[in-house]
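Working notes, beginning with the structure itself.
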Amino acid sequence: MYAWIWRHLPGPTPVRLLAAAVLVAGIVLLLFSTVFPWAEDSLPFLKVTVDQ
Amino acid sequence: MSHDSPPDYVPPPDYAPPPPVRPRQPARSRRAAPAGAGTARTAVRGTGELLITAGLVLLLFVAYQLVWTNFEAHRAQGGVADQIRDDWQRPPTTPPAGEVQKGPRAVDFGKGFAFMHIPRLGKNYAVPVVQGVGLDDLARGIGHYPRTVMPGHVGNFAVAGHRATHGEPFAYLDKLGKGDLVIVETRTDWFVYRMDRVRIVQPTDTWVIDPVPGKPDARPTQQLITLTTCNPRWASTERLIVFGHLESRQDKADGPPPQLQRRA
């Protein structure tokens with residue numbers, strides 16, 4: 001999977017490294033801003049209120 | 001067979017040693033490589049990569065909870081604190097002439113309206129209280145159960161706060177005991193509440209935020225306070241509840257109560 005992604009990145013190796021870093025940063029940003037908050041709400045951990 | 005040449009062996013004149021060959025693959029794997037093995041290997045490698053990726057995502061989630069939410073919450077709390085102080089600088093909106101204001105006007109969800117000071121948890125402990133106990137509200141401070149009364153009013157002023165992650169204002173709520181103070185600062189008053197008892201209850205025990213906890217049909221006559229958070233700290237199978245009652249009140253204009261005097 002990662003080898004496939006790497007092969008399909010354009011440019012010489014330094015450019016590929018940069019593109020890979022940007023991709024990783026983008027994914028982490030997506031996780032932190034959207035996926036993780038949603039997961040946190042859905043998971044039953046660390047709830048602090050009393051309700052039925 | 002011995003690798004030594006027989007003593008009378010002479011190589012032919014045009015003999016040249018063969019060029020060095022690359023090490024051969026072990027014969028075993030080459031022989032046992034039928035048509036589908038390449039796919040199998042890719043599948044195994046792909047699964048391995050997926051599992052490692054999943055592990056990394058989980059680690060990132062832990063980092064998100066333990067580091068990021070605290071960072072964001074402290075920033076959000078600062079914003080809410082500013083919003084509250086700004087609101088208090090401006091005159092309160094008055095009800096239309098002739099309308100008697102019997103109870104507190106509903107505060108918008110997410111808006112801060114008070115500060116909670118808990119000396120036991122820190123000399124300068126001052127966390128904003130926001131209306132509502134949704135995840136968004138609790139990420140910005142201590143949340144007020146919206147169907148309970150406002151500070152200082154007869155009934156049960158009930159709040160909830162995170163004990164881990166999201167700024168964890170109630171991280172050390174277990175340190176609170178009978179006799180400790182919780183001081184609630186609103187626009188017009190300082191309310192000094194004295195704690196009475198601590199209970200561990202189930203998440204469904206909503207009686208703790210009743211107007212008179214433990215007496216479902218009673219009409220409230222006292223001004224009570226109830227703080228709720230999860231128990232144990234890193235799970236939420238139970239709730240940690242601290243009950244208290246109003247002990248004293250003074251106007252904002254008279255300055256902070258003596259129990260809250262800050263040392264220079």
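Identifiers for the structure tokens are assigned positionally: chains receive A, B, ... in sequence, residues are indexed from 1 per chain, and ligands are indexed from 1 in the order shown.
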Residue list for chain A near chain B as a list in words, 10 Å, only C-alpha atoms | Met1, Tyr2, Ala3, Val28, Leu31, Phe32, Ser33, Val35, Phe36, Pro37, Ala39, Glu40, Asp41, Pro44, Phe45, Leu46, Lys47, Val48, Thr49, Val50, Asp51 and Gln52 of chain A
Output as a CSV table (one decimal) with N, CA, C and O atoms, in the first residue's frame all residues of chain A that backbone DSSP marks as helix (DSSP H, G or I).
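Contents of result-v9.csv, freshly written:
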chain,number,residue,atom,x,y,z
A,2,TYR,N,1.8,1.3,0.9
A,2,TYR,CA,2.7,2.5,1.0
A,2,TYR,C,3.6,2.5,-0.2
A,2,TYR,O,3.9,3.6,-0.7
A,3,ALA,N,4.1,1.3,-0.6
A,3,ALA,CA,5.0,1.3,-1.8
A,3,ALA,C,4.2,1.8,-3.0
A,3,ALA,O,4.8,2.5,-3.9
A,4,TRP,N,3.0,1.4,-3.1
A,4,TRP,CA,2.1,1.8,-4.3
A,4,TRP,C,2.0,3.4,-4.2
A,4,TRP,O,2.1,4.0,-5.3
A,5,ILE,N,1.7,3.9,-3.1
A,5,ILE,CA,1.6,5.4,-3.0
A,5,ILE,C,2.9,6.1,-3.4
A,5,ILE,O,2.9,7.0,-4.1
A,6,TRP,N,4.0,5.5,-2.8
A,6,TRP,CA,5.3,6.1,-3.1
A,6,TRP,C,5.6,6.1,-4.6
A,6,TRP,O,6.1,7.1,-5.1
A,7,ARG,N,5.3,5.0,-5.2
A,7,ARG,CA,5.6,4.9,-6.7
A,7,ARG,C,4.8,6.0,-7.4
A,7,ARG,O,5.2,6.5,-8.5
A,13,THR,N,13.1,12.2,-5.8
A,13,THR,CA,12.9,11.7,-4.4
A,13,THR,C,12.7,12.9,-3.4
A,13,THR,O,11.8,12.8,-2.6
A,14,PRO,N,13.4,14.0,-3.4
A,14,PRO,CA,13.1,15.1,-2.5
A,14,PRO,C,11.7,15.6,-2.6
A,14,PRO,O,11.0,15.9,-1.6
A,15,VAL,N,11.2,15.7,-3.8
A,15,VAL,CA,9.9,16.2,-4.1
A,15,VAL,C,8.9,15.2,-3.5
A,15,VAL,O,7.9,15.5,-2.9
A,16,ARG,N,9.2,13.9,-3.7
A,16,ARG,CA,8.3,12.9,-3.2
A,16,ARG,C,8.2,12.9,-1.7
A,16,ARG,O,7.2,12.7,-1.1
A,17,LEU,N,9.4,13.1,-1.1
A,17,LEU,CA,9.4,13.2,0.4
A,17,LEU,C,8.5,14.3,0.9
A,17,LEU,O,7.7,14.2,1.8
A,18,LEU,N,8.6,15.5,0.2
A,18,LEU,CA,7.8,16.6,0.6
A,18,LEU,C,6.3,16.3,0.4
A,18,LEU,O,5.5,16.6,1.2
A,19,ALA,N,6.0,15.7,-0.8
A,19,ALA,CA,4.6,15.4,-1.0
A,19,ALA,C,4.1,14.4,0.0
A,19,ALA,O,2.9,14.5,0.5
A,20,ALA,N,4.9,13.4,0.3
A,20,ALA,CA,4.5,12.5,1.4
A,20,ALA,C,4.2,13.1,2.7
A,20,ALA,O,3.3,12.8,3.4
A,21,ALA,N,5.1,14.1,3.0
A,21,ALA,CA,5.0,14.8,4.3
A,21,ALA,C,3.7,15.6,4.3
A,21,ALA,O,3.0,15.6,5.3
A,22,VAL,N,3.4,16.2,3.2
A,22,VAL,CA,2.2,17.0,3.1
A,22,VAL,C,0.9,16.1,3.2
A,22,VAL,O,0.0,16.4,3.9
A,23,LEU,N,1.0,15.0,2.6
A,23,LEU,CA,-0.1,14.0,2.7
A,23,LEU,C,-0.3,13.6,4.1
A,23,LEU,O,-1.5,13.6,4.6
A,24,VAL,N,0.8,13.2,4.8
A,24,VAL,CA,0.7,12.8,6.2
A,24,VAL,C,0.1,13.9,7.0
A,24,VAL,O,-0.8,13.7,7.8
A,25,ALA,N,0.6,15.1,6.8
A,25,ALA,CA,0.1,16.3,7.6
A,25,ALA,C,-1.4,16.5,7.4
A,25,ALA,O,-2.2,16.7,8.3
A,26,GLY,N,-1.8,16.3,6.1
A,26,GLY,CA,-3.2,16.5,5.8
A,26,GLY,C,-4.1,15.5,6.4
A,26,GLY,O,-5.2,15.8,6.9
A,27,ILE,N,-3.6,14.2,6.5
A,27,ILE,CA,-4.4,13.2,7.1
A,27,ILE,C,-4.5,13.4,8.6
A,27,ILE,O,-5.6,13.2,9.2
A,28,VAL,N,-3.4,13.8,9.2
A,28,VAL,CA,-3.4,14.0,10.6
A,28,VAL,C,-4.4,15.2,11.0
A,28,VAL,O,-5.2,15.1,11.9
A,29,LEU,N,-4.4,16.2,10.1
A,29,LEU,CA,-5.3,17.3,10.3
A,29,LEU,C,-6.7,16.8,10.2
A,29,LEU,O,-7.6,17.2,11.0
A,30,LEU,N,-7.0,16.0,9.2
A,30,LEU,CA,-8.4,15.5,9.1
A,30,LEU,C,-8.8,14.7,10.3
A,30,LEU,O,-9.9,14.8,10.8
A,31,LEU,N,-7.8,13.9,10.8
A,31,LEU,CA,-8.1,13.0,11.9
A,31,LEU,C,-8.5,13.9,13.1
A,31,LEU,O,-9.5,13.7,13.8
A,32,PHE,N,-7.6,14.9,13.4
A,32,PHE,CA,-7.8,15.7,14.6
A,32,PHE,C,-9.0,16.6,14.5
A,32,PHE,O,-9.6,16.9,15.6
A,33,SER,N,-9.3,17.1,13.3
A,33,SER,CA,-10.4,18.0,13.3
A,33,SER,C,-11.8,17.4,13.2
A,33,SER,O,-12.8,17.9,13.6
A,34,THR,N,-11.8,16.2,12.6
A,34,THR,CA,-13.1,15.6,12.3
A,34,THR,C,-13.3,14.2,12.8
A,34,THR,O,-14.2,14.0,13.6
A,35,VAL,N,-12.4,13.3,12.5
A,35,VAL,CA,-12.6,11.9,12.8
A,35,VAL,C,-12.5,11.7,14.3
A,35,VAL,O,-13.4,11.1,14.9
A,36,PHE,N,-11.5,12.3,15.0
A,36,PHE,CA,-11.3,12.0,16.4
A,36,PHE,C,-12.4,12.6,17.3
A,36,PHE,O,-12.9,12.0,18.2
A,37,PRO,N,-12.8,13.9,17.0
A,37,PRO,CA,-13.9,14.4,17.8
A,37,PRO,C,-15.2,13.5,17.6
A,37,PRO,O,-15.9,13.3,18.6
A,38,TRP,N,-15.5,13.1,16.4
A,38,TRP,CA,-16.6,12.2,16.2
A,38,TRP,C,-16.5,10.9,17.0
A,38,TRP,O,-17.4,10.5,17.6
A,39,ALA,N,-15.3,10.3,16.9
A,39,ALA,CA,-15.0,9.1,17.6
A,39,ALA,C,-15.2,9.3,19.1
A,39,ALA,O,-15.8,8.4,19.8
A,40,GLU,N,-14.7,10.4,19.6
A,40,GLU,CA,-14.8,10.7,21.0
A,40,GLU,C,-16.2,10.7,21.5
A,40,GLU,O,-16.6,10.2,22.6
A,41,ASP,N,-17.1,11.3,20.7
A,41,ASP,CA,-18.5,11.5,21.1
A,41,ASP,C,-19.2,10.1,21.0
A,41,ASP,O,-20.0,9.8,21.8
A,42,SER,N,-18.7,9.3,20.1
A,42,SER,CA,-19.4,8.0,19.9
A,42,SER,C,-19.0,7.0,20.9
A,42,SER,O,-19.7,6.0,21.3
Compare B:Ala218, B:Val10, B:Val212, B:Val129 by their minimum atom-to-atom distance to Asn156 of chain B, counting only C-alpha atoms, and give me the closest one.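 Of B:Ala218, B:Val10, B:Val212, B:Val129, the one nearest Asn156 of chain B is B:Val212, counting only C-alpha atoms.
Atom CA of Gly110 of chain B to atom CA of Arg140 of chain B spans 7.9 Å [interatomic distance, one decimal].
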Among segment 149-195 of chain B, which residues does DSSP mark as strand (DSSP E) when it is run on the backbone? Keep the chain and numbering as in the structure and answer as a PyMOL selection string.
chain B and resi 155-160+181-185+189-195
Resulting file, chosen residues, C-alpha atoms, as a CSV table (one decimal), in the first residue's frame:
chain,number,residue,atom,x,y,z
B,155,GLY,CA,-32.9,24.4,44.3
B,156,ASN,CA,-29.9,22.5,43.0
B,157,PHE,CA,-27.2,24.3,41.0
B,158,ALA,CA,-25.7,21.3,39.2
B,159,VAL,CA,-22.6,21.3,37.1
B,160,ALA,CA,-20.5,18.7,35.2
B,181,LEU,CA,-15.5,25.4,49.6
B,182,VAL,CA,-16.7,26.0,46.1
B,183,ILE,CA,-17.1,29.7,45.4
B,184,VAL,CA,-19.2,30.7,42.4
B,185,GLU,CA,-18.7,34.2,41.0
B,189,ASP,CA,-22.6,38.1,43.5
B,190,TRP,CA,-20.1,35.9,45.2
B,191,PHE,CA,-21.8,32.6,46.3
B,192,VAL,CA,-19.8,30.6,48.9
B,193,TYR,CA,-20.9,26.9,48.9
B,194,ARG,CA,-19.8,24.5,51.6
B,195,MET,CA,-19.4,20.8,50.6
Quick one: everything within 8 Å of Gln83 of chain B, counting only C-alpha atoms, minus sequence neighbours fewer than 4 positions away in the same chain. Send it as an mmCIF file with C-alpha atoms, in the first residue's frame.
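Final file, out.cif:
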data_model
loop_
_atom_site.group_PDB
_atom_site.id
_atom_site.type_symbol
_atom_site.label_atom_id
_atom_site.label_comp_id
_atom_site.auth_asym_id
_atom_site.auth_seq_id
_atom_site.Cartn_x
_atom_site.Cartn_y
_atom_site.Cartn_z
ATOM 1 C CA GLY B 79 -11.937 32.719 25.271
ATOM 2 C CA ASP B 87 -20.495 40.651 29.172
ATOM 3 C CA GLY B 112 -20.317 31.416 29.912
#
Could you tell me how far atom CA of Ala73 of chain B sits from atom CA of Arg120 of chain B, in Å to one decimal place?
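A separation of 21.5 Å between them.
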So how many Å separate atom CA of Gln131 of chain B and atom CA of Lys111 of chain B, to one decimal?
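It comes out at 5.8 Å.
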